[in-house]
file upload_29.txt (compact mmCIF, C-alpha atoms)
# COMPACT_ATOMS: atom_id res chain seq x y z
CA MET A 1 2.44 55.90 254.94
CA THR A 2 5.77 54.20 254.25
CA GLN A 3 6.02 50.55 255.10
CA THR A 4 9.08 49.29 256.96
CA PHE A 5 10.79 46.03 256.17
CA LYS A 6 9.15 44.25 259.12
CA ASP A 7 5.69 45.36 258.01
CA LEU A 8 6.09 43.61 254.63
CA SER A 9 4.54 40.27 253.96
CA PRO A 10 6.90 37.26 253.98
CA LYS A 11 6.70 37.02 250.19
CA ARG A 12 7.79 40.61 249.64
CA ARG A 13 10.54 40.26 252.24
CA SER A 14 12.00 37.32 250.33
CA LEU A 15 11.87 39.27 247.05
CA ARG A 16 13.72 42.27 248.47
CA ILE A 17 16.37 40.08 250.08
CA GLY A 18 16.93 38.34 246.72
CA LEU A 19 17.32 41.65 244.90
CA LEU A 20 19.80 42.85 247.51
CA ILE A 21 21.92 39.70 247.18
CA LEU A 22 21.92 40.00 243.38
CA ALA A 23 23.09 43.61 243.59
CA LEU A 24 25.96 42.64 245.87
CA VAL A 25 27.05 39.87 243.49
CA LEU A 26 27.06 42.18 240.48
CA LEU A 27 29.03 44.83 242.35
CA THR A 28 31.66 42.29 243.42
CA ALA A 29 32.03 40.98 239.86
CA THR A 30 32.44 44.47 238.47
CA ILE A 31 35.17 45.32 240.99
CA GLY A 32 37.00 42.06 240.18
CA VAL A 33 36.96 42.65 236.40
CA SER A 34 38.23 46.22 236.84
CA ALA A 35 41.08 45.06 239.06
CA LYS A 36 42.08 42.35 236.56
CA TYR A 37 42.04 44.85 233.68
CA VAL A 38 44.31 47.24 235.56
CA SER A 39 46.72 44.45 236.51
CA ASP A 40 46.89 43.26 232.90
CA LYS A 41 47.93 46.67 231.54
CA ARG A 42 51.54 45.63 230.94
CA ALA A 43 54.20 46.61 228.40
CA PHE A 44 54.19 43.29 226.56
CA LYS A 45 55.72 40.94 229.19
CA GLY A 46 56.80 43.66 231.59
CA THR A 47 54.81 45.85 233.90
CA LEU A 48 53.38 49.11 232.68
CA ILE A 49 56.05 51.82 232.82
CA LEU A 50 55.02 55.21 231.60
CA PRO A 51 57.72 57.26 229.83
CA PRO A 52 59.18 60.21 231.72
CA SER A 53 58.15 63.80 231.15
CA ASP A 54 61.70 65.03 230.37
CA LEU A 55 63.13 65.02 226.84
CA VAL A 56 65.15 62.25 225.27
CA ILE A 57 68.09 63.93 223.51
CA PHE A 58 69.45 62.61 220.19
CA THR A 59 72.89 63.95 219.27
CA VAL A 60 74.83 63.90 216.00
CA GLY A 61 78.61 64.28 216.06
CA PRO A 62 81.42 64.49 216.92
CA GLU A 63 82.24 67.98 215.78
CA VAL A 64 85.21 68.41 213.45
CA GLU A 65 87.27 71.44 212.53
CA THR A 66 87.69 70.73 208.82
CA ALA A 67 87.70 67.82 206.38
CA ALA A 68 89.58 67.90 203.10
CA ALA A 69 88.38 66.42 199.86
CA GLY A 70 89.27 62.74 199.62
CA GLU A 71 89.23 62.21 203.41
CA ASP A 72 86.95 60.03 205.57
CA ILE A 73 85.03 61.32 208.59
CA THR A 74 83.10 59.34 211.23
CA VAL A 75 79.73 60.60 212.49
CA ASP A 76 78.02 59.08 215.57
CA ILE A 77 74.30 59.15 216.42
CA SER A 78 73.55 58.78 220.15
CA LEU A 79 70.70 59.25 222.63
CA SER A 80 70.48 60.05 226.33
CA GLY A 81 67.70 60.26 228.91
CA THR A 82 65.45 58.08 231.05
CA TYR A 83 62.82 56.46 228.83
CA ALA A 84 61.07 53.19 227.95
CA ALA A 85 60.22 52.55 224.30
CA HIS A 86 59.15 49.70 222.05
CA SER A 87 59.72 51.25 218.62
CA MET A 88 62.17 53.74 217.14
CA GLN A 89 62.68 55.00 213.60
CA LEU A 90 65.35 57.50 212.52
CA ARG A 91 65.89 59.11 209.12
CA LEU A 92 69.27 60.51 208.05
CA SER A 93 69.82 62.71 204.99
CA TYR A 94 73.12 64.14 203.76
CA ASP A 95 74.68 66.22 200.98
CA MET A 96 75.14 63.62 198.25
CA ASP A 97 76.95 66.10 195.98
CA LYS A 98 79.85 66.26 198.45
CA LEU A 99 79.60 63.09 200.57
CA GLU A 100 79.49 59.35 199.96
CA LEU A 101 78.19 56.72 202.40
CA ASP A 102 78.49 52.94 202.21
CA LEU A 103 75.61 51.23 204.05
CA SER A 104 77.74 48.14 204.60
CA ASN A 105 80.15 50.25 206.71
CA ILE A 106 77.47 51.45 209.18
CA VAL A 107 78.32 50.01 212.61
CA LYS A 108 75.52 49.11 215.05
CA GLU A 109 76.41 50.39 218.50
CA SER A 110 75.27 49.68 222.10
CA VAL A 111 71.62 50.77 221.77
CA LEU A 112 70.83 48.59 218.76
CA ASN A 113 72.90 45.70 220.12
CA ALA A 114 70.88 45.77 223.36
CA ILE A 115 67.61 45.66 221.42
CA THR A 116 68.62 42.69 219.27
CA GLY A 117 70.16 40.95 222.27
CA ASN A 118 66.78 41.13 224.02
CA GLY A 119 64.92 39.55 221.12
CA GLY A 120 64.20 42.77 219.20
CA TRP A 121 64.46 43.50 215.50
CA VAL A 122 66.73 46.07 213.81
CA GLU A 123 67.04 47.10 210.16
CA ILE A 124 69.15 49.72 208.35
CA LYS A 125 68.25 50.50 204.75
CA GLU A 126 68.03 53.27 202.15
CA ASN A 127 64.71 54.69 200.95
CA PRO A 128 63.99 55.90 197.37
CA GLN A 129 65.08 59.43 198.39
CA HIS A 130 68.53 57.99 199.28
CA GLU A 131 67.99 58.65 202.99
CA VAL A 132 69.29 56.21 205.58
CA ILE A 133 66.45 54.62 207.59
CA ILE A 134 67.26 53.08 211.00
CA MET A 135 64.41 51.03 212.51
CA ALA A 136 64.25 49.14 215.83
CA ILE A 137 61.29 47.26 217.37
CA SER A 138 61.16 45.31 220.63
CA THR A 139 58.15 42.97 220.92
CA SER A 140 59.07 41.39 224.23
CA GLU A 141 60.16 44.20 226.53
CA SER A 142 60.70 47.91 226.33
CA PHE A 143 64.24 49.17 225.79
CA SER A 144 65.80 52.04 227.70
CA VAL A 145 69.50 51.97 226.77
CA GLU A 146 71.56 55.16 226.58
CA GLY A 147 74.62 55.63 224.39
CA LYS A 148 75.54 55.29 220.72
CA ILE A 149 72.98 54.05 218.21
CA VAL A 150 75.11 53.83 215.06
CA SER A 151 78.47 54.98 213.74
CA LEU A 152 78.68 56.12 210.10
CA LYS A 153 81.78 56.73 207.99
CA PHE A 154 81.38 59.40 205.31
CA HIS A 155 83.83 59.90 202.45
CA VAL A 156 84.33 63.45 201.21
CA LYS A 157 84.33 63.31 197.42
CA ASP A 158 87.55 64.20 195.62
CA THR A 159 85.58 66.78 193.60
CA ALA A 160 83.95 68.40 196.65
CA PRO A 161 84.50 72.19 196.62
CA ALA A 162 85.34 74.18 199.70
CA GLY A 163 82.32 74.98 201.86
CA GLU A 164 79.91 73.00 204.05
CA ALA A 165 78.35 69.55 203.77
CA LYS A 166 75.17 69.03 205.82
CA VAL A 167 73.97 65.89 207.60
CA LYS A 168 70.41 66.01 209.01
CA LEU A 169 68.80 63.61 211.50
CA THR A 170 65.01 63.29 211.90
CA VAL A 171 63.30 61.12 214.54
CA ASP A 172 60.15 59.81 212.86
CA GLU A 173 59.11 57.61 215.77
CA LEU A 174 59.93 56.94 219.41
CA LYS A 175 56.95 55.23 221.07
CA TYR A 176 55.83 53.27 224.07
CA VAL A 177 53.19 50.68 223.07
CA PRO A 178 50.87 49.17 225.75
CA VAL A 179 50.10 45.49 225.32
CA ASP A 180 46.37 45.96 224.69
CA SER A 181 46.68 48.88 222.27
CA THR A 182 45.21 48.38 218.84
CA LEU A 183 44.97 51.99 217.72
CA ALA A 184 47.67 54.53 217.04
CA SER A 185 45.95 56.93 219.43
CA GLU A 186 46.58 54.48 222.28
CA GLN A 187 50.34 54.48 221.70
CA ILE A 188 52.40 56.96 223.69
CA ASP A 189 54.90 59.27 221.93
CA ILE A 190 57.99 59.85 224.00
CA PRO A 191 59.12 63.50 224.01
CA HIS A 192 62.45 63.90 222.21
CA LYS A 193 64.74 66.43 220.59
CA VAL A 194 67.55 66.26 218.02
CA GLN A 195 70.60 68.34 218.89
CA PRO A 196 71.74 69.63 216.46
CA GLU A 197 69.17 68.91 213.78
CA GLU A 198 71.76 69.65 211.08
CA PHE A 199 75.34 68.60 211.55
CA ILE A 200 77.82 70.66 209.51
CA ILE A 201 80.99 69.15 208.05
CA PRO A 202 83.35 71.98 207.00
CA ILE A 203 85.29 71.21 203.82
CA ALA A 204 88.64 72.97 203.47
CA ALA A 205 89.91 74.40 200.18
CA GLY A 206 92.99 73.04 198.48
CA GLU A 207 96.26 74.95 198.29
CA THR A 208 95.40 76.33 194.87
CA GLY A 209 91.88 77.28 195.91
CA GLU A 210 90.41 75.03 193.22
CA PRO A 211 87.65 72.47 193.90
CA GLY A 212 88.78 69.03 194.87
CA ASN A 213 91.69 67.67 196.83
CA THR A 214 94.31 69.90 195.23
CA ALA A 215 96.25 70.10 198.47
CA LYS A 216 96.85 66.35 198.41
CA ALA A 217 97.34 65.94 194.69
CA GLN A 218 100.66 64.32 193.79
CA PRO A 219 102.89 66.38 191.47
CA ALA A 220 102.86 65.12 187.95
CA THR A 221 106.18 63.64 186.76
CA THR A 222 107.48 64.46 183.27
CA ALA A 223 108.14 61.29 181.35
CA THR A 224 111.51 61.06 179.56
CA PRO A 225 110.87 60.63 175.84
CA GLU A 226 112.29 57.42 174.43
CA PRO A 227 114.59 57.68 171.38
CA GLU A 228 112.81 57.08 168.16
CA ASP A 229 113.97 54.40 165.78
CA PRO A 230 115.57 55.76 162.57
CA VAL A 231 113.12 55.85 159.75
CA THR A 232 114.32 54.14 156.62
CA GLU A 233 113.05 55.70 153.46
CA GLU A 234 111.48 53.20 151.17
CA THR A 235 112.06 53.36 147.41
CA ASP A 236 109.66 52.30 144.78
CA GLU A 237 112.25 50.13 142.92
CA PRO A 238 113.95 47.16 144.56
CA MET A 239 117.70 47.41 145.03
CA ASP A 240 119.85 45.33 142.70
CA PRO A 241 122.68 43.70 144.67
CA THR A 242 124.98 43.88 141.55
CA ASP A 243 124.72 47.64 141.26
CA PRO A 244 127.75 49.53 142.58
CA VAL A 245 127.14 51.38 145.77
CA ASP A 246 127.41 55.11 145.47
CA PRO A 247 129.09 56.46 148.60
CA THR A 248 126.96 59.58 148.31
CA ASP A 249 123.84 57.42 148.79
CA ASP A 250 124.92 56.28 152.24
CA PRO A 251 121.73 56.47 154.38
CA ASP A 252 123.82 57.39 157.38
CA ASP A 253 124.54 61.07 156.78
CA SER A 254 126.71 61.23 159.85
CA THR A 255 129.39 58.98 158.21
CA GLU A 256 131.74 60.74 155.81
CA PRO A 257 132.75 58.89 152.60
CA VAL A 258 136.17 57.29 152.64
CA ILE A 259 138.52 58.72 149.99
CA THR A 260 141.34 56.41 148.89
CA PRO A 261 144.61 58.33 148.20
CA GLU A 262 146.29 57.88 144.77
CA ASN A 263 149.61 57.03 146.37
CA PRO A 264 149.12 54.26 148.89
CA ASP A 265 152.45 55.05 150.55
CA ASP A 266 152.20 58.57 151.92
CA SER A 267 155.80 58.37 153.23
CA ILE A 268 157.39 58.14 149.68
CA ASP A 269 157.58 61.32 147.72
CA PRO A 270 156.40 61.00 144.15
CA ILE A 271 159.03 61.06 141.34
CA ILE A 272 159.00 64.38 139.64
CA PRO A 273 160.63 64.37 136.12
CA THR A 274 163.34 66.99 135.43
CA ASP A 275 164.99 68.27 132.31
CA ASN A 276 168.53 67.92 133.77
CA PRO A 277 169.93 64.44 133.10
CA ASP A 278 171.55 62.56 135.94
CA PRO A 279 175.31 62.26 135.18
CA GLU A 280 175.47 58.99 137.08
CA ASP A 281 172.74 57.48 134.96
CA PRO A 282 174.44 54.91 132.70
CA GLY A 283 172.00 55.58 129.95
CA VAL A 284 173.03 59.17 129.62
CA GLY A 285 175.26 60.07 126.66
CA GLU A 286 174.56 56.93 124.79

call {"tool": "encode", "arguments": {"input": "upload_29.txt", "output": "structure tokens"}}
result
Amino acid sequence: MTQTFKDLSPKRRSLRIGLLILALVLLTATIGVSAKYVSDKRAFKGTLILPPSDLVIFTVGPEVETAAAGEDITVDISLSGTYAAHSMQLRLSYDMDKLELDLSNIVKESVLNAITGNGGWVEIKENPQHEVIIMAISTSESFSVEGKIVSLKFHVKDTAPAGEAKVKLTVDELKYVPVDSTLASEQIDIPHKVQPEEFIIPIAAGETGEPGNTAKAQPATTATPEPEDPVTEETDEPMDPTDPVDPTDDPDDSTEPVITPENPDDSIDPIIPTDNPDPEDPGVGE
């Protein structure tokens, strides 16, 4: 036969009442701890905001018709979508045989500027594979900015042949990190897509169809040869200043030798002797 509470002895009644009170205290404490844990699940200093289910789109562009060898072309990396992230890492590879990129000319745009302006950290560097690494981490609040991430200026090499130069973007990380997470499995990957994954830069051929910037090459100018100095032949024996100068040894062949006439006065006819005596000559007939 089951005993009711009123049939119990006073000692047993007190024991059951104590156990009931203890159970109520433990239940209240458990509910309070669970509520505090849920309220503390924040994104660093902000409240917990789960990332959306739609994709975050990364774009590479703008598109160009053609680029000639020796020219510069600007490529922008942007993102769009509703998201909340704490870390982002991008990796950019390009055709190094046809393109050149100066890391010092990479411009940080609105997305990276918003992260650093909110106390975040940004770094752009090159890895051993000569890929451009773009990293951004926000330790205070999540970032959710849309727009341009970076702007890069590529230089098409002067020796680049006609064809295509490829630029590829890979998103290695885009994550939302809860404040209490200590394991990678607790971090949330935000769905994303790169569009297009490979950006094509068309390189036009030169006018002659040869590799390089033949279309822009300046015509070569023919240099006018300078007159050469006359070469004086050297003799083994020194010249004696007392020796008469032979006119035939004149080193200047273009000057003809001067011939002195026997009669200095060309206007007076020379006296030609005759056998007929002059009758007016007083010496005739003597």

call {"tool": "atom_distance", "arguments": {"input": "upload_29.txt", "atom1": "atom CA of A:Val111", "atom2": "atom CA of A:Ile133"}}
result
15.6 Å

call {"tool": "closest_atom_pairs", "arguments": {"input": "upload_29.txt", "of": "stretch 41-108 of chain A", "to": "stretch 184-205 of chain A", "cutoff": "10 Å", "atoms": "all atoms listed in the file", "output": "tab-separated table"}}
result
residue	atom	partner	partner_atom	distance
A:Leu50	CA	A:Ile188	CA	8.5
A:Pro51	CA	A:Ile190	CA	6.4
A:Pro52	CA	A:Ile190	CA	7.8
A:Ser53	CA	A:Pro191	CA	7.2
A:Asp54	CA	A:Pro191	CA	7.0
A:Leu55	CA	A:His192	CA	4.8
A:Val56	CA	A:His192	CA	4.4
A:Ile57	CA	A:Lys193	CA	5.1
A:Phe58	CA	A:Val194	CA	4.7
A:Thr59	CA	A:Gln195	CA	5.0
A:Val60	CA	A:Phe199	CA	6.5
A:Gly61	CA	A:Phe199	CA	7.0
A:Pro62	CA	A:Phe199	CA	9.1
A:Glu63	CA	A:Ile201	CA	7.9
A:Val64	CA	A:Ile201	CA	6.9
A:Glu65	CA	A:Pro202	CA	6.8
A:Thr66	CA	A:Pro202	CA	4.9
A:Ala67	CA	A:Ile203	CA	4.9
A:Ala68	CA	A:Ala204	CA	5.2
A:Ala69	CA	A:Ile203	CA	6.9
A:Glu71	CA	A:Ile203	CA	9.8
A:Ile73	CA	A:Ile201	CA	8.8
A:Val75	CA	A:Phe199	CA	9.2
A:Ile77	CA	A:Val194	CA	9.9
A:Ser78	CA	A:Val194	CA	9.8
A:Leu79	CA	A:Val194	CA	9.0
A:Ser80	CA	A:His192	CA	9.8
A:Gly81	CA	A:His192	CA	9.3
A:Tyr83	CA	A:Ile190	CA	7.6
A:Ala84	CA	A:Ile190	CA	8.3
A:Ala85	CA	A:Ile190	CA	7.6
A:Ser87	CA	A:Asp189	CA	9.9
A:Leu92	CA	A:Glu198	CA	9.9
A:Ser93	CA	A:Glu198	CA	9.4
A:Tyr94	CA	A:Phe199	CA	9.2
A:Asp95	CA	A:Ile201	CA	9.9
A:Lys98	CA	A:Ile203	CA	9.1
A:Leu99	CA	A:Ile201	CA	9.7

call {"tool": "atom_distance", "arguments": {"input": "upload_29.txt", "atom1": "atom CA of A:Leu174", "atom2": "atom CA of A:Met88"}}
result
4.5 Å

call {"tool": "atom_distance", "arguments": {"input": "upload_29.txt", "atom1": "atom CA of A:Gly119", "atom2": "atom CA of A:Thr139"}}
result
7.6 Å

call {"tool": "closest_residue", "arguments": {"input": "upload_29.txt", "among": "A:Lys153, A:Asp102, A:Tyr176, A:Ser14", "to": "A:Ser138", "atoms": "only C-alpha atoms"}}
result
A:Tyr176

call {"tool": "residues_around", "arguments": {"input": "upload_29.txt", "residues": "stretch 120-129 of chain A", "least_positions_apart": "5", "cutoff": "9 Å", "atoms": "all atoms listed in the file", "output": "PyMOL selection string"}}
result
chain A and resi 93+103+106+112-115+134-141

call {"tool": "write_last_selection", "arguments": {"input": "upload_29.txt", "atoms": "C-alpha atoms", "output": "PDB file, in the frame of the given file"}}
result
ATOM      1  CA  SER A  93      69.820  62.710 204.990  1.00  0.00           C
ATOM      2  CA  LEU A 103      75.610  51.230 204.050  1.00  0.00           C
ATOM      3  CA  ILE A 106      77.470  51.450 209.180  1.00  0.00           C
ATOM      4  CA  LEU A 112      70.830  48.590 218.760  1.00  0.00           C
ATOM      5  CA  ASN A 113      72.900  45.700 220.120  1.00  0.00           C
ATOM      6  CA  ALA A 114      70.880  45.770 223.360  1.00  0.00           C
ATOM      7  CA  ILE A 115      67.610  45.660 221.420  1.00  0.00           C
ATOM      8  CA  ILE A 134      67.260  53.080 211.000  1.00  0.00           C
ATOM      9  CA  MET A 135      64.410  51.030 212.510  1.00  0.00           C
ATOM     10  CA  ALA A 136      64.250  49.140 215.830  1.00  0.00           C
ATOM     11  CA  ILE A 137      61.290  47.260 217.370  1.00  0.00           C
ATOM     12  CA  SER A 138      61.160  45.310 220.630  1.00  0.00           C
ATOM     13  CA  THR A 139      58.150  42.970 220.920  1.00  0.00           C
ATOM     14  CA  SER A 140      59.070  41.390 224.230  1.00  0.00           C
ATOM     15  CA  GLU A 141      60.160  44.200 226.530  1.00  0.00           C
TER      16      GLU A 141
END

call {"tool": "build_atoms", "arguments": {"input": "upload_29.txt", "residues": "stretch 94-121 of chain A", "atoms": "N, CA and C atoms", "output": "PDB file, in the frame of the given file"}}
result
ATOM      1  N   TYR A  94      71.807  63.494 203.838  1.00  0.00           N
ATOM      2  CA  TYR A  94      73.120  64.140 203.760  1.00  0.00           C
ATOM      3  C   TYR A  94      73.338  64.695 202.363  1.00  0.00           C
ATOM      4  N   ASP A  95      74.347  65.555 202.242  1.00  0.00           N
ATOM      5  CA  ASP A  95      74.680  66.220 200.980  1.00  0.00           C
ATOM      6  C   ASP A  95      75.364  65.224 200.059  1.00  0.00           C
ATOM      7  N   MET A  96      74.596  64.662 199.130  1.00  0.00           N
ATOM      8  CA  MET A  96      75.140  63.620 198.250  1.00  0.00           C
ATOM      9  C   MET A  96      76.066  64.184 197.184  1.00  0.00           C
ATOM     10  N   ASP A  97      76.038  65.500 196.952  1.00  0.00           N
ATOM     11  CA  ASP A  97      76.950  66.100 195.980  1.00  0.00           C
ATOM     12  C   ASP A  97      78.382  66.160 196.513  1.00  0.00           C
ATOM     13  N   LYS A  98      78.522  66.122 197.848  1.00  0.00           N
ATOM     14  CA  LYS A  98      79.850  66.260 198.450  1.00  0.00           C
ATOM     15  C   LYS A  98      80.267  65.038 199.263  1.00  0.00           C
ATOM     16  N   LEU A  99      79.294  64.207 199.677  1.00  0.00           N
ATOM     17  CA  LEU A  99      79.600  63.090 200.570  1.00  0.00           C
ATOM     18  C   LEU A  99      79.142  61.768 199.969  1.00  0.00           C
ATOM     19  N   GLU A 100      79.850  60.717 200.322  1.00  0.00           N
ATOM     20  CA  GLU A 100      79.490  59.350 199.960  1.00  0.00           C
ATOM     21  C   GLU A 100      79.377  58.521 201.227  1.00  0.00           C
ATOM     22  N   LEU A 101      78.410  57.573 201.233  1.00  0.00           N
ATOM     23  CA  LEU A 101      78.190  56.720 202.400  1.00  0.00           C
ATOM     24  C   LEU A 101      77.920  55.303 201.937  1.00  0.00           C
ATOM     25  N   ASP A 102      78.668  54.357 202.496  1.00  0.00           N
ATOM     26  CA  ASP A 102      78.490  52.940 202.210  1.00  0.00           C
ATOM     27  C   ASP A 102      77.670  52.316 203.336  1.00  0.00           C
ATOM     28  N   LEU A 103      76.464  51.807 203.011  1.00  0.00           N
ATOM     29  CA  LEU A 103      75.610  51.230 204.050  1.00  0.00           C
ATOM     30  C   LEU A 103      76.250  50.036 204.733  1.00  0.00           C
ATOM     31  N   SER A 104      77.101  49.317 204.006  1.00  0.00           N
ATOM     32  CA  SER A 104      77.740  48.140 204.600  1.00  0.00           C
ATOM     33  C   SER A 104      78.763  48.527 205.668  1.00  0.00           C
ATOM     34  N   ASN A 105      79.172  49.811 205.709  1.00  0.00           N
ATOM     35  CA  ASN A 105      80.150  50.250 206.710  1.00  0.00           C
ATOM     36  C   ASN A 105      79.501  50.894 207.935  1.00  0.00           C
ATOM     37  N   ILE A 106      78.151  50.896 208.003  1.00  0.00           N
ATOM     38  CA  ILE A 106      77.470  51.450 209.180  1.00  0.00           C
ATOM     39  C   ILE A 106      77.595  50.436 210.316  1.00  0.00           C
ATOM     40  N   VAL A 107      78.077  50.894 211.462  1.00  0.00           N
ATOM     41  CA  VAL A 107      78.320  50.010 212.610  1.00  0.00           C
ATOM     42  C   VAL A 107      77.179  50.183 213.612  1.00  0.00           C
ATOM     43  N   LYS A 108      76.545  49.082 214.008  1.00  0.00           N
ATOM     44  CA  LYS A 108      75.520  49.110 215.050  1.00  0.00           C
ATOM     45  C   LYS A 108      76.195  49.178 216.411  1.00  0.00           C
ATOM     46  N   GLU A 109      75.772  50.165 217.211  1.00  0.00           N
ATOM     47  CA  GLU A 109      76.410  50.390 218.500  1.00  0.00           C
ATOM     48  C   GLU A 109      75.541  49.854 219.650  1.00  0.00           C
ATOM     49  N   SER A 110      75.813  50.296 220.894  1.00  0.00           N
ATOM     50  CA  SER A 110      75.270  49.680 222.100  1.00  0.00           C
ATOM     51  C   SER A 110      73.752  49.659 222.159  1.00  0.00           C
ATOM     52  N   VAL A 111      73.081  50.717 221.688  1.00  0.00           N
ATOM     53  CA  VAL A 111      71.620  50.770 221.770  1.00  0.00           C
ATOM     54  C   VAL A 111      70.994  49.675 220.911  1.00  0.00           C
ATOM     55  N   LEU A 112      71.399  49.597 219.647  1.00  0.00           N
ATOM     56  CA  LEU A 112      70.830  48.590 218.760  1.00  0.00           C
ATOM     57  C   LEU A 112      71.241  47.178 219.179  1.00  0.00           C
ATOM     58  N   ASN A 113      72.464  47.029 219.675  1.00  0.00           N
ATOM     59  CA  ASN A 113      72.900  45.700 220.120  1.00  0.00           C
ATOM     60  C   ASN A 113      72.086  45.223 221.325  1.00  0.00           C
ATOM     61  N   ALA A 114      71.706  46.151 222.213  1.00  0.00           N
ATOM     62  CA  ALA A 114      70.880  45.770 223.360  1.00  0.00           C
ATOM     63  C   ALA A 114      69.485  45.348 222.917  1.00  0.00           C
ATOM     64  N   ILE A 115      68.945  46.009 221.900  1.00  0.00           N
ATOM     65  CA  ILE A 115      67.610  45.660 221.420  1.00  0.00           C
ATOM     66  C   ILE A 115      67.602  44.273 220.778  1.00  0.00           C
ATOM     67  N   THR A 116      68.568  44.010 219.911  1.00  0.00           N
ATOM     68  CA  THR A 116      68.620  42.690 219.270  1.00  0.00           C
ATOM     69  C   THR A 116      68.986  41.602 220.275  1.00  0.00           C
ATOM     70  N   GLY A 117      69.810  41.936 221.258  1.00  0.00           N
ATOM     71  CA  GLY A 117      70.160  40.950 222.270  1.00  0.00           C
ATOM     72  C   GLY A 117      68.999  40.559 223.156  1.00  0.00           C
ATOM     73  N   ASN A 118      67.962  41.419 223.205  1.00  0.00           N
ATOM     74  CA  ASN A 118      66.780  41.130 224.020  1.00  0.00           C
ATOM     75  C   ASN A 118      65.621  40.605 223.175  1.00  0.00           C
ATOM     76  N   GLY A 119      65.951  40.121 221.980  1.00  0.00           N
ATOM     77  CA  GLY A 119      64.920  39.550 221.120  1.00  0.00           C
ATOM     78  C   GLY A 119      64.261  40.537 220.184  1.00  0.00           C
ATOM     79  N   GLY A 120      64.789  41.759 220.079  1.00  0.00           N
ATOM     80  CA  GLY A 120      64.200  42.770 219.200  1.00  0.00           C
ATOM     81  C   GLY A 120      64.662  42.624 217.763  1.00  0.00           C
ATOM     82  N   TRP A 121      64.201  43.534 216.943  1.00  0.00           N
ATOM     83  CA  TRP A 121      64.460  43.500 215.500  1.00  0.00           C
ATOM     84  C   TRP A 121      65.003  44.861 215.069  1.00  0.00           C
TER      85      TRP A 121
END
